[in-house]
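S.K.: One file is attached below, my_file-v5.pdb, containing PDB, C-alpha atoms.
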```pdb
MODEL        1
ATOM      1  CA  MET A   1     -15.059 -41.307  -2.359
ATOM      2  CA  ARG A   2     -13.412 -38.573  -0.272
ATOM      3  CA  LEU A   3     -14.032 -34.882  -0.878
ATOM      4  CA  PRO A   4     -11.020 -33.024  -2.299
ATOM      5  CA  GLY A   5     -11.080 -30.691   0.759
ATOM      6  CA  ILE A   6     -11.541 -27.500  -1.206
ATOM      7  CA  GLY A   7     -14.390 -25.006  -1.178
ATOM      8  CA  GLU A   8     -16.475 -23.713  -4.062
ATOM      9  CA  LEU A   9     -14.416 -20.538  -4.675
ATOM     10  CA  GLU A  10     -11.176 -22.464  -4.217
ATOM     11  CA  LEU A  11     -12.298 -24.922  -6.897
ATOM     12  CA  ALA A  12     -13.297 -22.077  -9.241
ATOM     13  CA  VAL A  13      -9.935 -20.340  -8.736
ATOM     14  CA  LEU A  14      -8.025 -23.610  -9.179
ATOM     15  CA  LEU A  15      -9.900 -24.278 -12.443
ATOM     16  CA  SER A  16      -9.120 -20.750 -13.621
ATOM     17  CA  VAL A  17      -5.408 -21.204 -12.889
ATOM     18  CA  ALA A  18      -5.513 -24.491 -14.831
ATOM     19  CA  ARG A  19      -7.360 -22.827 -17.753
ATOM     20  CA  ASN A  20      -4.958 -19.902 -18.043
ATOM     21  CA  GLY A  21      -1.785 -22.017 -17.913
ATOM     22  CA  ASP A  22       1.426 -19.972 -17.896
ATOM     23  CA  ASP A  23      -0.536 -16.692 -17.942
ATOM     24  CA  ALA A  24      -2.326 -17.322 -14.634
ATOM     25  CA  TYR A  25      -1.899 -14.445 -12.211
ATOM     26  CA  GLY A  26      -4.277 -12.574  -9.911
ATOM     27  CA  ALA A  27      -5.775 -10.091 -12.412
ATOM     28  CA  VAL A  28      -6.297 -12.751 -15.091
ATOM     29  CA  VAL A  29      -7.957 -15.122 -12.608
ATOM     30  CA  ARG A  30     -10.146 -12.301 -11.243
ATOM     31  CA  ARG A  31     -11.248 -11.227 -14.743
ATOM     32  CA  ASP A  32     -11.850 -14.838 -15.813
ATOM     33  CA  LEU A  33     -14.016 -15.627 -12.775
ATOM     34  CA  SER A  34     -15.845 -12.278 -12.913
ATOM     35  CA  ALA A  35     -16.762 -12.857 -16.577
ATOM     36  CA  ARG A  36     -17.896 -16.446 -15.996
ATOM     37  CA  ALA A  37     -19.838 -15.797 -12.776
ATOM     38  CA  ASN A  38     -21.096 -12.375 -13.936
ATOM     39  CA  ARG A  39     -19.964 -10.640 -10.737
ATOM     40  CA  ASP A  40     -17.030  -8.400  -9.874
ATOM     41  CA  TYR A  41     -14.796 -10.366  -7.479
ATOM     42  CA  ALA A  42     -12.617  -8.353  -5.079
ATOM     43  CA  VAL A  43      -8.881  -8.693  -5.589
ATOM     44  CA  GLY A  44      -8.584  -9.453  -1.853
ATOM     45  CA  ALA A  45     -10.926 -12.439  -2.132
ATOM     46  CA  ILE A  46      -8.939 -13.832  -5.081
ATOM     47  CA  TYR A  47      -5.571 -13.504  -3.345
ATOM     48  CA  THR A  48      -6.903 -14.943  -0.092
ATOM     49  CA  THR A  49      -8.157 -17.955  -2.044
ATOM     50  CA  LEU A  50      -4.911 -18.310  -4.011
ATOM     51  CA  GLN A  51      -2.982 -18.155  -0.742
ATOM     52  CA  ARG A  52      -5.152 -20.909   0.756
ATOM     53  CA  LEU A  53      -4.584 -23.060  -2.336
ATOM     54  CA  GLU A  54      -0.849 -22.473  -2.035
ATOM     55  CA  ASP A  55      -0.925 -23.383   1.669
ATOM     56  CA  LYS A  56      -2.613 -26.659   0.642
ATOM     57  CA  ALA A  57       0.124 -27.164  -1.998
ATOM     58  CA  LEU A  58      -2.471 -27.238  -4.786
ATOM     59  CA  VAL A  59      -0.789 -24.336  -6.610
ATOM     60  CA  SER A  60       2.732 -22.933  -6.602
ATOM     61  CA  SER A  61       3.744 -19.362  -7.386
ATOM     62  CA  GLU A  62       6.678 -17.284  -8.502
ATOM     63  CA  MET A  63       7.224 -13.551  -8.946
ATOM     64  CA  SER A  64       7.822 -12.078 -12.402
ATOM     65  CA  GLU A  65       9.680  -8.888 -13.335
ATOM     66  CA  PRO A  66       7.965  -5.535 -12.550
ATOM     67  CA  THR A  67       6.216  -3.817 -15.488
ATOM     68  CA  ALA A  68       5.318  -0.160 -16.156
ATOM     69  CA  VAL A  69       1.631  -0.874 -16.844
ATOM     70  CA  ARG A  70       1.376  -2.287 -13.309
ATOM     71  CA  GLY A  71       2.898   0.839 -11.744
ATOM     72  CA  GLY A  72       6.321  -0.813 -11.494
ATOM     73  CA  ARG A  73       5.007  -3.786  -9.557
ATOM     74  CA  ALA A  74       5.678  -7.460 -10.242
ATOM     75  CA  LYS A  75       3.135 -10.195 -11.029
ATOM     76  CA  ARG A  76       2.751 -13.313  -8.950
ATOM     77  CA  CYS A  77       2.254 -16.141 -11.449
ATOM     78  CA  TYR A  78       0.509 -19.329 -10.345
ATOM     79  CA  ARG A  79       0.711 -22.890 -11.594
ATOM     80  CA  VAL A  80      -1.334 -25.969 -10.694
ATOM     81  CA  THR A  81       0.804 -28.571  -8.899
ATOM     82  CA  ALA A  82       0.489 -32.352  -9.226
ATOM     83  CA  ALA A  83      -1.614 -32.369  -6.037
ATOM     84  CA  GLY A  84      -3.787 -29.622  -7.566
ATOM     85  CA  SER A  85      -4.352 -31.655 -10.744
ATOM     86  CA  LYS A  86      -5.302 -34.648  -8.622
ATOM     87  CA  ALA A  87      -7.747 -32.527  -6.583
ATOM     88  CA  LEU A  88      -9.362 -31.264  -9.808
ATOM     89  CA  ARG A  89      -9.786 -34.800 -11.142
ATOM     90  CA  ARG A  90     -11.322 -35.919  -7.859
ATOM     91  CA  ALA A  91     -13.671 -32.935  -7.829
ATOM     92  CA  ARG A  92     -14.768 -33.762 -11.375
ATOM     93  CA  GLU A  93     -15.298 -37.443 -10.525
ATOM     94  CA  LEU A  94     -17.254 -36.535  -7.417
ATOM     95  CA  SER A  95     -19.418 -34.054  -9.318
ATOM     96  CA  SER A  96     -20.141 -36.616 -12.073
ATOM     97  CA  ALA A  97     -21.007 -39.256  -9.471
ATOM     98  CA  MET A  98     -23.388 -36.879  -7.713
ATOM     99  CA  TRP A  99     -25.160 -35.867 -10.948
ATOM    100  CA  LYS A 100     -25.855 -39.491 -11.907
ATOM    101  CA  GLY A 101     -29.529 -40.317 -11.605
ATOM    102  CA  VAL A 102     -30.706 -36.696 -11.495
ATOM    103  CA  PRO A 103     -33.685 -36.226 -13.874
ATOM    104  CA  ALA A 104     -32.670 -34.758 -17.249
ATOM    105  CA  HIS A 105     -34.729 -31.564 -16.847
ATOM    106  CA  MET A 106     -32.752 -30.691 -13.681
ATOM    107  CA  ALA A 107     -29.322 -31.430 -15.113
ATOM    108  CA  PRO A 108     -27.233 -28.719 -16.841
ATOM    109  CA  ALA A 109     -27.380 -28.701 -20.662
TER     110      ALA A 109
ATOM    111  CA  MET B   1      -1.734   3.801 -22.121
ATOM    112  CA  SER B   2      -3.650   6.091 -19.790
ATOM    113  CA  ALA B   3      -1.620   8.697 -17.886
ATOM    114  CA  ILE B   4      -4.200   8.758 -15.102
ATOM    115  CA  HIS B   5      -2.975   7.145 -11.910
ATOM    116  CA  PRO B   6      -5.044   5.163  -9.385
ATOM    117  CA  PRO B   7      -6.250   7.175  -6.344
ATOM    118  CA  ALA B   8      -3.155   7.707  -4.157
ATOM    119  CA  LEU B   9      -5.057   7.552  -0.867
ATOM    120  CA  ALA B  10      -6.714   4.237  -1.766
ATOM    121  CA  THR B  11      -3.332   2.831  -2.848
ATOM    122  CA  MET B  12      -1.724   3.973   0.403
ATOM    123  CA  PHE B  13      -4.545   2.374   2.388
ATOM    124  CA  ALA B  14      -4.281  -0.887   0.427
ATOM    125  CA  GLU B  15      -0.503  -0.963   0.900
ATOM    126  CA  SER B  16      -0.923  -0.915   4.656
ATOM    127  CA  LEU B  17      -3.341  -3.868   4.537
ATOM    128  CA  VAL B  18      -0.833  -6.478   3.369
ATOM    129  CA  TYR B  19       2.385  -7.072   5.274
ATOM    130  CA  ASP B  20       3.951  -9.510   2.777
ATOM    131  CA  ARG B  21       5.735  -7.362   0.193
ATOM    132  CA  ASP B  22       5.431  -9.793  -2.746
ATOM    133  CA  LEU B  23       1.737 -10.289  -2.162
ATOM    134  CA  ARG B  24       1.212  -6.540  -1.765
ATOM    135  CA  ASP B  25       3.006  -5.842  -5.055
ATOM    136  CA  ALA B  26       1.020  -8.555  -6.828
ATOM    137  CA  ALA B  27      -2.376  -7.345  -5.572
ATOM    138  CA  LEU B  28      -1.699  -3.628  -6.135
ATOM    139  CA  GLY B  29      -0.114  -4.306  -9.538
ATOM    140  CA  ASP B  30      -3.263  -6.190 -10.561
ATOM    141  CA  LEU B  31      -5.407  -3.268  -9.417
ATOM    142  CA  ALA B  32      -3.221  -0.775 -11.330
ATOM    143  CA  GLU B  33      -3.448  -2.932 -14.461
ATOM    144  CA  ASP B  34      -7.252  -3.206 -14.294
ATOM    145  CA  PHE B  35      -7.538   0.491 -13.396
ATOM    146  CA  ALA B  36      -5.786   1.431 -16.660
ATOM    147  CA  VAL B  37      -8.151  -0.839 -18.619
ATOM    148  CA  LYS B  38     -11.217   0.619 -16.855
ATOM    149  CA  CYS B  39      -9.958   4.178 -17.531
ATOM    150  CA  GLU B  40      -9.859   3.406 -21.252
ATOM    151  CA  SER B  41     -13.248   1.701 -21.381
ATOM    152  CA  ASN B  42     -15.365   3.485 -18.721
ATOM    153  CA  GLY B  43     -13.598   6.789 -18.025
ATOM    154  CA  ALA B  44     -11.473   8.039 -15.123
ATOM    155  CA  SER B  45     -14.323   8.669 -12.647
ATOM    156  CA  ALA B  46     -15.812   5.185 -13.030
ATOM    157  CA  ALA B  47     -12.316   3.668 -12.812
ATOM    158  CA  ARG B  48     -11.582   5.558  -9.571
ATOM    159  CA  ALA B  49     -14.913   4.452  -8.074
ATOM    160  CA  TRP B  50     -14.165   0.855  -9.093
ATOM    161  CA  TYR B  51     -10.667   1.080  -7.569
ATOM    162  CA  TRP B  52     -11.985   2.389  -4.251
ATOM    163  CA  SER B  53     -14.662  -0.296  -4.179
ATOM    164  CA  GLN B  54     -12.045  -3.002  -4.814
ATOM    165  CA  VAL B  55      -9.838  -1.697  -1.994
ATOM    166  CA  MET B  56     -12.707  -1.383   0.492
ATOM    167  CA  ARG B  57     -14.063  -4.844  -0.358
ATOM    168  CA  SER B  58     -10.587  -6.311   0.099
ATOM    169  CA  VAL B  59     -10.072  -4.938   3.633
ATOM    170  CA  LEU B  60     -11.667  -7.876   5.433
ATOM    171  CA  PRO B  61     -10.272 -10.777   3.328
ATOM    172  CA  LEU B  62      -6.723  -9.361   3.231
ATOM    173  CA  SER B  63      -6.725  -8.493   6.947
ATOM    174  CA  MET B  64      -8.037 -11.922   7.902
ATOM    175  CA  MET B  65      -5.477 -13.599   5.627
ATOM    176  CA  SER B  66      -2.649 -11.708   7.369
ATOM    177  CA  LEU B  67      -4.066 -12.670  10.763
ATOM    178  CA  ARG B  68      -4.489 -16.331   9.782
ATOM    179  CA  ARG B  69      -0.887 -16.446   8.632
ATOM    180  CA  ALA B  70       0.256 -14.902  11.920
ATOM    181  CA  GLY B  71      -1.384 -17.815  13.777
ATOM    182  CA  PHE B  72      -2.495 -17.994  17.422
ATOM    183  CA  THR B  73       0.261 -15.660  18.617
ATOM    184  CA  GLY B  74      -0.957 -13.196  15.982
ATOM    185  CA  TRP B  75      -4.405 -13.162  17.629
ATOM    186  CA  LEU B  76      -2.876 -12.681  21.087
ATOM    187  CA  ARG B  77      -0.651  -9.908  19.805
ATOM    188  CA  LEU B  78      -3.605  -8.211  18.115
ATOM    189  CA  ILE B  79      -5.650  -8.230  21.342
ATOM    190  CA  ALA B  80      -2.726  -6.975  23.456
ATOM    191  CA  THR B  81      -1.851  -4.291  20.901
ATOM    192  CA  VAL B  82      -5.411  -2.973  20.693
ATOM    193  CA  ALA B  83      -5.605  -2.888  24.503
ATOM    194  CA  VAL B  84      -2.365  -0.879  24.719
ATOM    195  CA  GLY B  85      -3.556   1.445  21.937
ATOM    196  CA  TYR B  86      -6.861   2.027  23.728
ATOM    197  CA  ILE B  87      -5.153   2.864  27.029
ATOM    198  CA  VAL B  88      -2.796   5.308  25.281
ATOM    199  CA  LEU B  89      -5.703   6.924  23.429
ATOM    200  CA  ALA B  90      -7.799   7.204  26.601
ATOM    201  CA  VAL B  91      -4.935   8.892  28.481
ATOM    202  CA  LEU B  92      -4.258  11.325  25.612
ATOM    203  CA  VAL B  93      -7.956  12.187  25.233
ATOM    204  CA  VAL B  94      -8.316  12.782  28.982
ATOM    205  CA  ILE B  95      -5.253  15.061  28.985
ATOM    206  CA  SER B  96      -6.418  17.039  25.934
ATOM    207  CA  GLY B  97      -9.995  17.136  27.271
ATOM    208  CA  ASN B  98      -8.803  18.530  30.605
ATOM    209  CA  LEU B  99      -6.862  21.219  28.792
ATOM    210  CA  PHE B 100      -9.829  22.611  26.900
ATOM    211  CA  MET B 101     -13.189  21.070  27.713
ATOM    212  CA  GLY B 102     -13.511  22.949  30.977
ATOM    213  CA  VAL B 103     -14.391  26.030  28.969
ATOM    214  CA  ALA B 104     -16.469  24.261  26.300
ATOM    215  CA  THR B 105     -20.182  24.960  26.102
ATOM    216  CA  ASN B 106     -22.983  23.387  24.073
ATOM    217  CA  ALA B 107     -22.230  25.915  21.345
ATOM    218  CA  ILE B 108     -19.362  25.144  18.971
ATOM    219  CA  SER B 109     -16.494  27.228  20.347
ATOM    220  CA  LEU B 110     -12.877  27.622  19.350
ATOM    221  CA  TYR B 111     -11.799  25.808  22.484
ATOM    222  CA  SER B 112     -14.007  22.783  21.804
ATOM    223  CA  LEU B 113     -12.801  22.670  18.177
ATOM    224  CA  ILE B 114      -9.197  22.719  19.387
ATOM    225  CA  SER B 115     -10.067  19.961  21.831
ATOM    226  CA  LEU B 116     -11.587  17.953  18.962
ATOM    227  CA  ALA B 117      -8.445  18.445  16.876
ATOM    228  CA  LEU B 118      -6.388  17.222  19.831
ATOM    229  CA  GLY B 119      -8.691  14.203  20.069
ATOM    230  CA  ALA B 120      -8.063  13.442  16.375
ATOM    231  CA  GLY B 121      -4.328  13.925  16.917
ATOM    232  CA  SER B 122      -4.446  11.552  19.894
ATOM    233  CA  ALA B 123      -6.237   8.923  17.768
ATOM    234  CA  ILE B 124      -3.595   9.308  15.022
ATOM    235  CA  ILE B 125      -0.820   8.772  17.595
ATOM    236  CA  ALA B 126      -2.647   5.767  19.091
ATOM    237  CA  GLY B 127      -3.294   4.360  15.582
ATOM    238  CA  TYR B 128       0.384   4.768  14.695
ATOM    239  CA  LEU B 129       1.503   3.093  17.922
ATOM    240  CA  THR B 130      -1.003   0.264  17.490
ATOM    241  CA  ALA B 131       0.156  -0.323  13.912
ATOM    242  CA  ARG B 132       3.777  -0.260  15.031
ATOM    243  CA  LEU B 133       3.132  -2.884  17.705
ATOM    244  CA  GLY B 134       0.737  -4.819  15.456
ATOM    245  CA  GLY B 135       3.381  -7.046  13.833
ATOM    246  CA  LYS B 136       2.068  -8.585  10.620
ATOM    247  CA  THR B 137      -1.400  -7.062  10.975
ATOM    248  CA  PRO B 138      -0.755  -3.316  11.448
ATOM    249  CA  MET B 139      -3.861  -2.013   9.679
ATOM    250  CA  LEU B 140      -6.119  -4.636  11.247
ATOM    251  CA  ALA B 141      -4.859  -3.558  14.694
ATOM    252  CA  ALA B 142      -5.551   0.127  13.943
ATOM    253  CA  LEU B 143      -8.991  -0.674  12.490
ATOM    254  CA  SER B 144      -9.819  -2.796  15.549
ATOM    255  CA  LEU B 145      -8.791   0.066  17.817
ATOM    256  CA  GLY B 146     -11.075   2.444  15.896
ATOM    257  CA  VAL B 147     -14.014   0.029  16.037
ATOM    258  CA  LEU B 148     -13.424  -0.570  19.770
ATOM    259  CA  CYS B 149     -13.448   3.190  20.442
ATOM    260  CA  ILE B 150     -16.676   3.667  18.470
ATOM    261  CA  SER B 151     -18.316   0.753  20.328
ATOM    262  CA  ILE B 152     -17.303   2.168  23.721
ATOM    263  CA  SER B 153     -18.506   5.661  22.666
ATOM    264  CA  MET B 154     -21.891   4.188  21.729
ATOM    265  CA  LEU B 155     -22.125   2.399  25.079
ATOM    266  CA  MET B 156     -21.290   5.653  26.842
ATOM    267  CA  PHE B 157     -24.046   7.426  24.901
ATOM    268  CA  VAL B 158     -26.501   4.919  26.306
ATOM    269  CA  TYR B 159     -25.242   4.385  29.869
ATOM    270  CA  ALA B 160     -23.306   7.536  30.826
ATOM    271  CA  ASP B 161     -25.043  10.263  28.848
ATOM    272  CA  GLY B 162     -23.606  13.654  29.743
ATOM    273  CA  THR B 163     -21.788  12.533  32.907
ATOM    274  CA  ASP B 164     -18.395  13.710  31.623
ATOM    275  CA  GLY B 165     -19.736  17.232  31.081
ATOM    276  CA  SER B 166     -18.887  17.389  27.367
ATOM    277  CA  PRO B 167     -21.513  18.580  24.864
ATOM    278  CA  LEU B 168     -23.381  15.987  22.800
ATOM    279  CA  TRP B 169     -22.069  17.275  19.436
ATOM    280  CA  TYR B 170     -18.500  16.944  20.722
ATOM    281  CA  ARG B 171     -18.965  13.291  21.681
ATOM    282  CA  ILE B 172     -20.617  12.497  18.335
ATOM    283  CA  ALA B 173     -17.843  14.278  16.414
ATOM    284  CA  LEU B 174     -15.142  12.485  18.415
ATOM    285  CA  ALA B 175     -16.769   9.098  17.709
ATOM    286  CA  LEU B 176     -16.953   9.950  13.971
ATOM    287  CA  ILE B 177     -13.320  11.006  13.590
ATOM    288  CA  VAL B 178     -11.708   8.262  15.668
ATOM    289  CA  LEU B 179     -11.732   5.503  12.994
ATOM    290  CA  PRO B 180     -10.351   7.653  10.132
ATOM    291  CA  SER B 181      -7.739   9.000  12.571
ATOM    292  CA  THR B 182      -6.502   5.574  13.718
ATOM    293  CA  VAL B 183      -6.392   4.458  10.041
ATOM    294  CA  CYS B 184      -4.411   7.604   9.252
ATOM    295  CA  GLY B 185      -1.932   6.683  12.010
ATOM    296  CA  ALA B 186      -1.548   3.169  10.569
ATOM    297  CA  MET B 187      -0.970   4.602   7.080
ATOM    298  CA  LEU B 188       1.754   6.883   8.456
ATOM    299  CA  ARG B 189       3.405   3.815   9.971
ATOM    300  CA  SER B 190       3.088   1.968   6.662
ATOM    301  CA  ARG B 191       4.779   4.849   4.809
ATOM    302  CA  GLN B 192       7.599   4.803   7.347
ATOM    303  CA  VAL B 193       8.191   1.062   6.862
ATOM    304  CA  LYS B 194       8.075   1.429   3.074
TER     305      LYS B 194
ENDMDL
END
```
Now, as a test, write the supplied structure out as structure tokens.

M.R.:
Amino acid sequence: MRLPGIGELELAVLLSVARNGDDAYGAVVRRDLSARANRDYAVGAIYTTLQRLEDKALVSSEMSEPTAVRGGRAKRCYRVTAAGSKALRRARELSSAMWKGVPAHMAPA
Amino acid sequence: MSAIHPPALATMFAESLVYDRDLRDAALGDLAEDFAVKCESNGASAARAWYWSQVMRSVLPLSMMSLRRAGFTGWLRLIATVAVGYIVLAVLVVISGNLFMGVATNAISLYSLISLALGAGSAIIAGYLTARLGGKTPMLAALSLGVLCISISMLMFVYADGTDGSPLWYRIALALIVLPSTVCGAMLRSRQVK
């Protein structure tokens, strides 16, 4: 089985985009990951990762209309592409395959 | 909604980090949105501190992303730009130093303070020029120039201590103001482009 070719943070960001569906943009992804990992991710790290995912064609993006609450700036909304969905499935399969045979007390609940 | 705005200086600095306008709007809009939420929940001071920390922690990833997107020619351009900026800064500092440092003593005098101000002005001009020539990585070029100047100043402390005749406090002060000054020059360039 081949690795999906994405790093740990890239996988986390890709999962977050998938989880948030049509509402996936930088701030939502950052808040989602920060809450789940219990650490405050920098906006720069999130956008760098999203840009890498877009370069790999795993996500696509489009700009929305500017809003007042964002200081008149637009959102960049992200969506998982077909290649992104495939990469997620492969990552899940790989993870499951790797966890097989690990003693129960070491495996996550 | 809170009427408190994010720190203007931090916003200006962040704006000059990202060349791509859409990406810049997206990242700064996200920060503005979270800043408003943090103002409501934690207060204005905590929100400002959080905003600054977000901007400072984003310097490296956003700069490197811009450089990666610029490719190999981006690296070459960055190196050439920083070299040009350093030569310009060195010439300006020598000229301003020759104007005033001849009468400077170890005590802080008006002449040495003027010379220091000219040094800061020279670094702002060099930072502006570097950012202007820096293509898609203007702030990274200005930051690199500042870091290069500090590194060379530190080497001169070690290997050429006192040979240029300037007092120690002057050389320390010049090394401390060079990075903020080159950043200031890059921010001026960013405002001009905007």

S.K.: As an exercise, work out the distance from atom CA of Met64 of chain B to atom CA of Ala27 of chain A in Å and give it to one decimal place.

M.R.: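 Going from atom CA of Met64 of chain B over to atom CA of Ala27 of chain A covers 20.5 Å.
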
S.K.: For this structure, which residues satisfy the selection - the ChimeraX specification (/A :<8) & /B - when it is evaluated on the file as given? I want them as a ChimeraX atom specification.

M.R.: /B:1,22-23,25-34,36,54-55,57-59,61-62,65

S.K.: Could you check the closest approach to Gly74 of chain B for each of B:Cys149, B:Ile177, B:Leu133, B:Leu168 and tell me which residue wins, using all atoms listed in the file?

M.R.: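 Residue with the minimum atom-to-atom distance to Gly74 of chain B: B:Leu133.
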
S.K.: Could you state the separation of atom CA of Arg189 of chain B and atom CA of Ala123 of chain B in Å, given to one decimal place?

M.R.: 13.4 Å

S.K.: Apply the PyMOL selection byres ((chain A and resi 57) around 12) to the structure shown and report the selected residues as a PyMOL selection string.

M.R.: chain A and resi 6+14+50-56+58-61+78-87

S.K.: Need the axis-aligned box for segment 28-32 of chain A with 4 Å each side, so what are the centre and edges in Å to one decimal, as AutoDock Vina command-line options?

M.R.:
```
--center_x -9.1 --center_y -13.2 --center_z -13.5 --size_x 13.6 --size_y 11.9 --size_z 12.6
```

S.K.: For the provided coordinates, the residues matched by the PyMOL selection byres ((chain B and resi 124) around 12) should be stated as JSON, numbers by chain.

M.R.: {"B": [85, 86, 88, 89, 92, 93, 117, 118, 119, 120, 121, 122, 123, 125, 126, 127, 128, 129, 130, 131, 142, 143, 145, 146, 177, 178, 179, 180, 181, 182, 183, 184, 185, 186, 187, 188, 189]}

S.K.: Place N, CA and C atoms on segment 66-78 of chain B and deliver the coordinates as a PDB file, keeping the file's coordinate frame.

M.R.:
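Result went into selection.pdb, see below:
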```pdb
ATOM      1  N   SER B  66      -3.869 -12.046   6.621  1.00  0.00           N
ATOM      2  CA  SER B  66      -2.649 -11.708   7.369  1.00  0.00           C
ATOM      3  C   SER B  66      -2.721 -12.275   8.783  1.00  0.00           C
ATOM      4  N   LEU B  67      -3.904 -12.178   9.391  1.00  0.00           N
ATOM      5  CA  LEU B  67      -4.066 -12.670  10.763  1.00  0.00           C
ATOM      6  C   LEU B  67      -3.955 -14.193  10.822  1.00  0.00           C
ATOM      7  N   ARG B  68      -4.555 -14.866   9.817  1.00  0.00           N
ATOM      8  CA  ARG B  68      -4.489 -16.331   9.782  1.00  0.00           C
ATOM      9  C   ARG B  68      -3.038 -16.790   9.643  1.00  0.00           C
ATOM     10  N   ARG B  69      -2.283 -16.066   8.836  1.00  0.00           N
ATOM     11  CA  ARG B  69      -0.887 -16.446   8.632  1.00  0.00           C
ATOM     12  C   ARG B  69      -0.050 -16.179   9.888  1.00  0.00           C
ATOM     13  N   ALA B  70      -0.486 -15.200  10.682  1.00  0.00           N
ATOM     14  CA  ALA B  70       0.256 -14.902  11.920  1.00  0.00           C
ATOM     15  C   ALA B  70      -0.015 -15.945  13.004  1.00  0.00           C
ATOM     16  N   GLY B  71      -1.097 -16.717  12.848  1.00  0.00           N
ATOM     17  CA  GLY B  71      -1.384 -17.815  13.777  1.00  0.00           C
ATOM     18  C   GLY B  71      -1.949 -17.352  15.114  1.00  0.00           C
ATOM     19  N   PHE B  72      -1.910 -18.266  16.112  1.00  0.00           N
ATOM     20  CA  PHE B  72      -2.495 -17.994  17.422  1.00  0.00           C
ATOM     21  C   PHE B  72      -1.800 -16.819  18.107  1.00  0.00           C
ATOM     22  N   THR B  73      -0.469 -16.775  17.988  1.00  0.00           N
ATOM     23  CA  THR B  73       0.261 -15.660  18.617  1.00  0.00           C
ATOM     24  C   THR B  73      -0.129 -14.334  17.963  1.00  0.00           C
ATOM     25  N   GLY B  74      -0.495 -14.396  16.684  1.00  0.00           N
ATOM     26  CA  GLY B  74      -0.957 -13.196  15.982  1.00  0.00           C
ATOM     27  C   GLY B  74      -2.232 -12.655  16.611  1.00  0.00           C
ATOM     28  N   TRP B  75      -3.149 -13.570  16.966  1.00  0.00           N
ATOM     29  CA  TRP B  75      -4.405 -13.162  17.629  1.00  0.00           C
ATOM     30  C   TRP B  75      -4.102 -12.533  18.982  1.00  0.00           C
ATOM     31  N   LEU B  76      -3.216 -13.200  19.757  1.00  0.00           N
ATOM     32  CA  LEU B  76      -2.876 -12.681  21.087  1.00  0.00           C
ATOM     33  C   LEU B  76      -2.238 -11.302  20.967  1.00  0.00           C
ATOM     34  N   ARG B  77      -1.343 -11.180  19.999  1.00  0.00           N
ATOM     35  CA  ARG B  77      -0.651  -9.908  19.805  1.00  0.00           C
ATOM     36  C   ARG B  77      -1.631  -8.811  19.405  1.00  0.00           C
ATOM     37  N   LEU B  78      -2.600  -9.183  18.554  1.00  0.00           N
ATOM     38  CA  LEU B  78      -3.605  -8.211  18.115  1.00  0.00           C
ATOM     39  C   LEU B  78      -4.402  -7.694  19.319  1.00  0.00           C
TER      40      LEU B  78
END
```
